[in-house]
>>> print(open('target.pdb').read())   # PDB, C-alpha atoms
ATOM      1  CA  MET A   6     156.077 178.468  52.829  1.00  0.00           C
ATOM      2  CA  ARG A   7     159.007 180.857  52.840  1.00  0.00           C
ATOM      3  CA  ARG A   8     162.298 179.702  51.399  1.00  0.00           C
ATOM      4  CA  LEU A   9     165.667 179.613  53.107  1.00  0.00           C
ATOM      5  CA  ARG A  10     168.149 180.799  50.479  1.00  0.00           C
ATOM      6  CA  TYR A  11     171.892 180.325  50.939  1.00  0.00           C
ATOM      7  CA  ASN A  12     173.061 183.404  49.042  1.00  0.00           C
ATOM      8  CA  VAL A  13     176.818 183.801  49.149  1.00  0.00           C
ATOM      9  CA  ALA A  14     179.873 184.892  47.208  1.00  0.00           C
ATOM     10  CA  CYS A  15     182.507 182.215  46.702  1.00  0.00           C
ATOM     11  CA  SER A  16     185.766 181.729  44.887  1.00  0.00           C
ATOM     12  CA  LEU A  17     185.896 179.494  41.823  1.00  0.00           C
ATOM     13  CA  ASP A  18     187.436 176.791  44.018  1.00  0.00           C
ATOM     14  CA  GLY A  19     184.610 176.930  46.562  1.00  0.00           C
ATOM     15  CA  PHE A  20     185.697 179.183  49.420  1.00  0.00           C
ATOM     16  CA  ILE A  21     183.548 181.901  51.024  1.00  0.00           C
ATOM     17  CA  ALA A  22     186.440 183.527  52.889  1.00  0.00           C
ATOM     18  CA  ASP A  23     190.198 183.333  53.060  1.00  0.00           C
ATOM     19  CA  PRO A  24     191.809 181.441  55.982  1.00  0.00           C
ATOM     20  CA  ASP A  25     191.546 184.546  58.202  1.00  0.00           C
ATOM     21  CA  GLY A  26     187.881 185.166  57.329  1.00  0.00           C
ATOM     22  CA  GLY A  27     188.801 187.926  54.876  1.00  0.00           C
ATOM     23  CA  TYR A  28     186.747 188.747  51.824  1.00  0.00           C
ATOM     24  CA  ASP A  29     188.755 191.484  50.099  1.00  0.00           C
ATOM     25  CA  TRP A  30     189.099 189.134  47.107  1.00  0.00           C
ATOM     26  CA  ILE A  31     185.400 189.606  46.218  1.00  0.00           C
ATOM     27  CA  VAL A  32     185.084 191.405  42.892  1.00  0.00           C
ATOM     28  CA  ASP A  33     183.078 194.642  42.921  1.00  0.00           C
ATOM     29  CA  ASP A  34     180.441 194.763  40.201  1.00  0.00           C
ATOM     30  CA  LYS A  35     178.341 197.919  39.911  1.00  0.00           C
ATOM     31  CA  SER A  36     175.691 196.087  37.864  1.00  0.00           C
ATOM     32  CA  ILE A  37     174.534 194.118  40.939  1.00  0.00           C
ATOM     33  CA  ASP A  38     171.507 195.828  42.496  1.00  0.00           C
ATOM     34  CA  PHE A  39     172.044 195.098  46.175  1.00  0.00           C
ATOM     35  CA  ASP A  40     169.023 197.167  47.253  1.00  0.00           C
ATOM     36  CA  ALA A  41     166.751 194.971  45.118  1.00  0.00           C
ATOM     37  CA  LEU A  42     168.456 191.852  46.462  1.00  0.00           C
ATOM     38  CA  TYR A  43     168.046 192.858  50.118  1.00  0.00           C
ATOM     39  CA  ALA A  44     164.385 193.756  49.475  1.00  0.00           C
ATOM     40  CA  GLN A  45     163.650 190.079  48.714  1.00  0.00           C
ATOM     41  CA  PHE A  46     164.307 189.175  52.367  1.00  0.00           C
ATOM     42  CA  ASP A  47     162.851 190.160  55.707  1.00  0.00           C
ATOM     43  CA  THR A  48     164.982 187.876  57.880  1.00  0.00           C
ATOM     44  CA  PHE A  49     168.728 187.191  57.878  1.00  0.00           C
ATOM     45  CA  VAL A  50     170.263 184.108  59.520  1.00  0.00           C
ATOM     46  CA  MET A  51     174.017 183.932  60.121  1.00  0.00           C
ATOM     47  CA  GLY A  52     176.785 182.752  62.407  1.00  0.00           C
ATOM     48  CA  ARG A  53     178.618 184.924  64.915  1.00  0.00           C
ATOM     49  CA  LYS A  54     181.677 185.568  62.763  1.00  0.00           C
ATOM     50  CA  THR A  55     179.542 186.817  59.891  1.00  0.00           C
ATOM     51  CA  TRP A  56     177.600 189.032  62.292  1.00  0.00           C
ATOM     52  CA  GLU A  57     180.849 190.529  63.589  1.00  0.00           C
ATOM     53  CA  VAL A  58     181.972 191.299  60.026  1.00  0.00           C
ATOM     54  CA  MET A  59     178.665 193.060  59.379  1.00  0.00           C
ATOM     55  CA  GLN A  60     178.865 195.006  62.649  1.00  0.00           C
ATOM     56  CA  ALA A  61     182.364 196.205  61.781  1.00  0.00           C
ATOM     57  CA  MET A  62     180.846 197.987  58.771  1.00  0.00           C
ATOM     58  CA  GLY A  63     179.190 200.490  61.116  1.00  0.00           C
ATOM     59  CA  ASP A  64     176.671 202.741  59.375  1.00  0.00           C
ATOM     60  CA  ALA A  65     177.390 201.008  56.054  1.00  0.00           C
ATOM     61  CA  ASN A  66     176.013 197.710  57.435  1.00  0.00           C
ATOM     62  CA  PRO A  67     173.072 196.850  55.146  1.00  0.00           C
ATOM     63  CA  LEU A  68     171.495 194.778  57.936  1.00  0.00           C
ATOM     64  CA  ARG A  69     171.000 197.702  60.302  1.00  0.00           C
ATOM     65  CA  CYS A  70     167.351 197.791  61.396  1.00  0.00           C
ATOM     66  CA  LYS A  71     166.711 194.353  59.858  1.00  0.00           C
ATOM     67  CA  ARG A  72     165.534 191.178  61.570  1.00  0.00           C
ATOM     68  CA  VAL A  73     168.737 189.238  62.240  1.00  0.00           C
ATOM     69  CA  ILE A  74     169.048 185.793  63.819  1.00  0.00           C
ATOM     70  CA  VAL A  75     172.584 184.810  64.885  1.00  0.00           C
ATOM     71  CA  ALA A  76     173.622 181.296  65.876  1.00  0.00           C
ATOM     72  CA  SER A  77     176.139 181.795  68.692  1.00  0.00           C
ATOM     73  CA  ARG A  78     176.944 180.426  72.101  1.00  0.00           C
ATOM     74  CA  THR A  79     178.940 183.527  73.118  1.00  0.00           C
ATOM     75  CA  LEU A  80     177.240 186.586  71.620  1.00  0.00           C
ATOM     76  CA  ALA A  81     174.944 188.718  73.797  1.00  0.00           C
ATOM     77  CA  GLU A  82     171.529 189.807  72.518  1.00  0.00           C
ATOM     78  CA  GLY A  83     170.866 193.458  71.788  1.00  0.00           C
ATOM     79  CA  ASP A  84     169.748 196.083  69.267  1.00  0.00           C
ATOM     80  CA  GLY A  85     167.032 193.915  67.717  1.00  0.00           C
ATOM     81  CA  LEU A  86     169.414 190.999  67.399  1.00  0.00           C
ATOM     82  CA  THR A  87     168.126 187.526  68.262  1.00  0.00           C
ATOM     83  CA  VAL A  88     170.809 185.090  69.410  1.00  0.00           C
ATOM     84  CA  VAL A  89     170.115 181.363  69.217  1.00  0.00           C
ATOM     85  CA  ARG A  90     172.437 179.336  71.426  1.00  0.00           C
ATOM     86  CA  ASP A  91     171.040 175.886  70.616  1.00  0.00           C
ATOM     87  CA  GLY A  92     168.422 174.496  68.267  1.00  0.00           C
ATOM     88  CA  ILE A  93     168.948 176.801  65.289  1.00  0.00           C
ATOM     89  CA  GLU A  94     167.320 174.150  63.100  1.00  0.00           C
ATOM     90  CA  HIS A  95     164.056 174.438  65.050  1.00  0.00           C
ATOM     91  CA  VAL A  96     164.196 178.231  64.948  1.00  0.00           C
ATOM     92  CA  VAL A  97     164.738 178.244  61.167  1.00  0.00           C
ATOM     93  CA  ALA A  98     161.911 175.733  60.629  1.00  0.00           C
ATOM     94  CA  THR A  99     159.631 178.056  62.621  1.00  0.00           C
ATOM     95  CA  LEU A 100     160.779 181.080  60.588  1.00  0.00           C
ATOM     96  CA  LYS A 101     160.049 179.240  57.340  1.00  0.00           C
ATOM     97  CA  ALA A 102     156.489 178.527  58.504  1.00  0.00           C
ATOM     98  CA  GLU A 103     155.750 182.229  59.132  1.00  0.00           C
ATOM     99  CA  ARG A 104     153.484 184.067  56.733  1.00  0.00           C
ATOM    100  CA  SER A 105     155.520 186.474  54.618  1.00  0.00           C
ATOM    101  CA  ASP A 106     155.945 187.427  50.992  1.00  0.00           C
ATOM    102  CA  ARG A 107     159.707 187.594  51.501  1.00  0.00           C
ATOM    103  CA  ASP A 108     162.312 184.878  52.003  1.00  0.00           C
ATOM    104  CA  ILE A 109     164.996 184.183  54.606  1.00  0.00           C
ATOM    105  CA  TRP A 110     168.635 184.790  53.702  1.00  0.00           C
ATOM    106  CA  LEU A 111     171.145 182.292  55.041  1.00  0.00           C
ATOM    107  CA  PHE A 112     173.816 184.950  55.023  1.00  0.00           C
ATOM    108  CA  GLY A 113     176.988 183.268  56.082  1.00  0.00           C
ATOM    109  CA  GLY A 114     178.808 180.705  58.059  1.00  0.00           C
ATOM    110  CA  SER A 115     179.949 177.445  56.519  1.00  0.00           C
ATOM    111  CA  GLN A 116     179.274 175.417  59.670  1.00  0.00           C
ATOM    112  CA  LEU A 117     175.818 176.948  60.093  1.00  0.00           C
ATOM    113  CA  ALA A 118     174.991 176.320  56.439  1.00  0.00           C
ATOM    114  CA  GLY A 119     176.154 172.716  56.815  1.00  0.00           C
ATOM    115  CA  ALA A 120     173.872 172.176  59.815  1.00  0.00           C
ATOM    116  CA  LEU A 121     170.884 173.679  58.009  1.00  0.00           C
ATOM    117  CA  PHE A 122     171.576 171.620  54.876  1.00  0.00           C
ATOM    118  CA  ALA A 123     171.834 168.465  57.020  1.00  0.00           C
ATOM    119  CA  ALA A 124     168.450 169.309  58.569  1.00  0.00           C
ATOM    120  CA  GLY A 125     166.894 169.644  55.090  1.00  0.00           C
ATOM    121  CA  LEU A 126     166.005 173.304  55.619  1.00  0.00           C
ATOM    122  CA  VAL A 127     167.861 174.991  52.741  1.00  0.00           C
ATOM    123  CA  ASP A 128     165.665 175.473  49.678  1.00  0.00           C
ATOM    124  CA  ARG A 129     167.924 177.345  47.303  1.00  0.00           C
ATOM    125  CA  VAL A 130     171.644 177.960  46.751  1.00  0.00           C
ATOM    126  CA  GLU A 131     172.581 181.254  45.108  1.00  0.00           C
ATOM    127  CA  THR A 132     176.278 181.732  44.502  1.00  0.00           C
ATOM    128  CA  ALA A 133     178.131 184.657  43.025  1.00  0.00           C
ATOM    129  CA  VAL A 134     181.209 182.773  41.828  1.00  0.00           C
ATOM    130  CA  MET A 135     184.150 185.158  41.728  1.00  0.00           C
ATOM    131  CA  PRO A 136     186.858 184.882  39.073  1.00  0.00           C
ATOM    132  CA  VAL A 137     189.364 184.158  41.832  1.00  0.00           C
ATOM    133  CA  MET A 138     190.931 180.974  43.202  1.00  0.00           C
ATOM    134  CA  LEU A 139     191.976 181.104  46.847  1.00  0.00           C
ATOM    135  CA  THR A 140     193.246 177.491  47.152  1.00  0.00           C
ATOM    136  CA  ARG A 141     192.478 177.558  50.888  1.00  0.00           C
ATOM    137  CA  GLY A 142     190.097 179.175  53.314  1.00  0.00           C
ATOM    138  CA  ILE A 143     186.584 178.687  54.659  1.00  0.00           C
ATOM    139  CA  PRO A 144     184.650 176.332  52.355  1.00  0.00           C
ATOM    140  CA  LEU A 145     181.172 176.971  50.974  1.00  0.00           C
ATOM    141  CA  LEU A 146     180.071 173.975  53.063  1.00  0.00           C
ATOM    142  CA  PRO A 147     181.911 171.698  55.469  1.00  0.00           C
ATOM    143  CA  ALA A 148     182.518 168.091  54.471  1.00  0.00           C
ATOM    144  CA  GLY A 149     179.351 166.054  54.779  1.00  0.00           C
ATOM    145  CA  ALA A 150     176.501 164.472  52.891  1.00  0.00           C
ATOM    146  CA  GLN A 151     175.928 165.115  49.212  1.00  0.00           C
ATOM    147  CA  CYS A 152     173.152 167.405  48.086  1.00  0.00           C
ATOM    148  CA  ARG A 153     171.530 167.279  44.646  1.00  0.00           C
ATOM    149  CA  LEU A 154     170.744 170.595  42.986  1.00  0.00           C
ATOM    150  CA  ALA A 155     168.641 171.671  40.007  1.00  0.00           C
ATOM    151  CA  LEU A 156     169.834 174.681  38.012  1.00  0.00           C
ATOM    152  CA  VAL A 157     167.343 177.571  38.028  1.00  0.00           C
ATOM    153  CA  SER A 158     169.460 180.220  36.308  1.00  0.00           C
ATOM    154  CA  ALA A 159     172.982 181.183  35.305  1.00  0.00           C
ATOM    155  CA  GLN A 160     174.189 184.649  34.399  1.00  0.00           C
ATOM    156  CA  SER A 161     177.641 185.853  33.374  1.00  0.00           C
ATOM    157  CA  LEU A 162     178.523 189.408  34.386  1.00  0.00           C
ATOM    158  CA  THR A 163     181.095 191.472  32.510  1.00  0.00           C
ATOM    159  CA  SER A 164     183.270 191.484  35.661  1.00  0.00           C
ATOM    160  CA  GLY A 165     183.685 187.712  35.287  1.00  0.00           C
ATOM    161  CA  ILE A 166     181.315 186.904  38.153  1.00  0.00           C
ATOM    162  CA  GLN A 167     179.051 183.918  37.474  1.00  0.00           C
ATOM    163  CA  MET A 168     175.660 184.226  39.179  1.00  0.00           C
ATOM    164  CA  LEU A 169     174.338 180.687  39.719  1.00  0.00           C
ATOM    165  CA  VAL A 170     170.982 179.772  41.249  1.00  0.00           C
ATOM    166  CA  TYR A 171     170.021 176.202  42.168  1.00  0.00           C
ATOM    167  CA  ASP A 172     167.029 174.660  43.894  1.00  0.00           C
ATOM    168  CA  VAL A 173     167.881 172.006  46.467  1.00  0.00           C
ATOM    169  CA  GLN A 174     166.403 168.637  45.506  1.00  0.00           C
ATOM    170  CA  SER A 175     164.764 166.686  48.307  1.00  0.00           C
TER     171      SER A 175
END
>>> encode(input="target.pdb", output="structure tokens")
Amino acid sequence: MRRLRYNVACSLDGFIADPDGGYDWIVDDKSIDFDALYAQFDTFVMGRKTWEVMQAMGDANPLRCKRVIVASRTLAEGDGLTVVRDGIEHVVATLKAERSDRDIWLFGGSQLAGALFAAGLVDRVETAVMPVMLTRGIPLLPAGAQCRLALVSAQSLTSGIQMLVYDVQS
């Protein structure tokens, strides 16, 4: 079965965006091979706000021509985009059951991630912890139930970024 991987950058104090949704605090590290990272996935699941951030990138959007599923009650479908208004948990469970040699990237949205964690659908958490403390903003996950993790790997980059990978324990 395919894995749903919550792969996200966060501040040392656990925020994925500043209070306005900004991410200009994310440290650039040329040693990260984003092409290789994106090649591990064939499906990207995200919330509307994350989708809008990606769309604003225009031609630089790495998700152009990719299979994207957006949880939104207001967004219109179009350009290969699938919008799920209700029942994202069922849709993700169906995606995980598909035959594929690539995984599904839970790309962004704290509320969406919280719902998918609560449904027991997230298999792995992959954080790029930035050497930055925001002290406020959008949290990695909303308040809710605890989740036990098992460390898979940890890597320190020269930029100060800590790449942490955990499997979700059931």
>>> resolve_selection(input="target.pdb", expression="the PyMOL selection byres ((chain A and resi 18) around 8)", output="list in words")
Cys15, Ser16, Leu17, Gly19, Phe20, Val137, Met138, Leu139 and Thr140 of chain A
>>> write_last_selection(input="target.pdb", atoms="C-alpha atoms", output="mmCIF file, in the frame of the given file")
data_model
loop_
_atom_site.group_PDB
_atom_site.id
_atom_site.type_symbol
_atom_site.label_atom_id
_atom_site.label_comp_id
_atom_site.auth_asym_id
_atom_site.auth_seq_id
_atom_site.Cartn_x
_atom_site.Cartn_y
_atom_site.Cartn_z
ATOM 1 C CA CYS A 15 182.507 182.215 46.702
ATOM 2 C CA SER A 16 185.766 181.729 44.887
ATOM 3 C CA LEU A 17 185.896 179.494 41.823
ATOM 4 C CA GLY A 19 184.610 176.930 46.562
ATOM 5 C CA PHE A 20 185.697 179.183 49.420
ATOM 6 C CA VAL A 137 189.364 184.158 41.832
ATOM 7 C CA MET A 138 190.931 180.974 43.202
ATOM 8 C CA LEU A 139 191.976 181.104 46.847
ATOM 9 C CA THR A 140 193.246 177.491 47.152
#
>>> residues_around(input="target.pdb", residues="Gln116 of chain A", least_positions_apart="5", cutoff="9 Å", atoms="all atoms listed in the file", output="list in words")
Gly52, Leu121, Leu146 and Pro147 of chain A
>>> residues_near_point(input="target.pdb", point="(161.4, 189.1, 47.6)", cutoff="10 Å", atoms="all atoms listed in the file", output="PyMOL selection string")
chain A and resi 41-47+105-109
>>> closest_residue(input="target.pdb", among="A:Met168, A:Leu9, A:Ala120, A:Leu145", to="Asp34 of chain A", atoms="only C-alpha atoms")
A:Met168
>>> atom_distance(input="target.pdb", atom1="atom CA of Val32 of chain A", atom2="atom CA of Asn12 of chain A")
15.7 Å
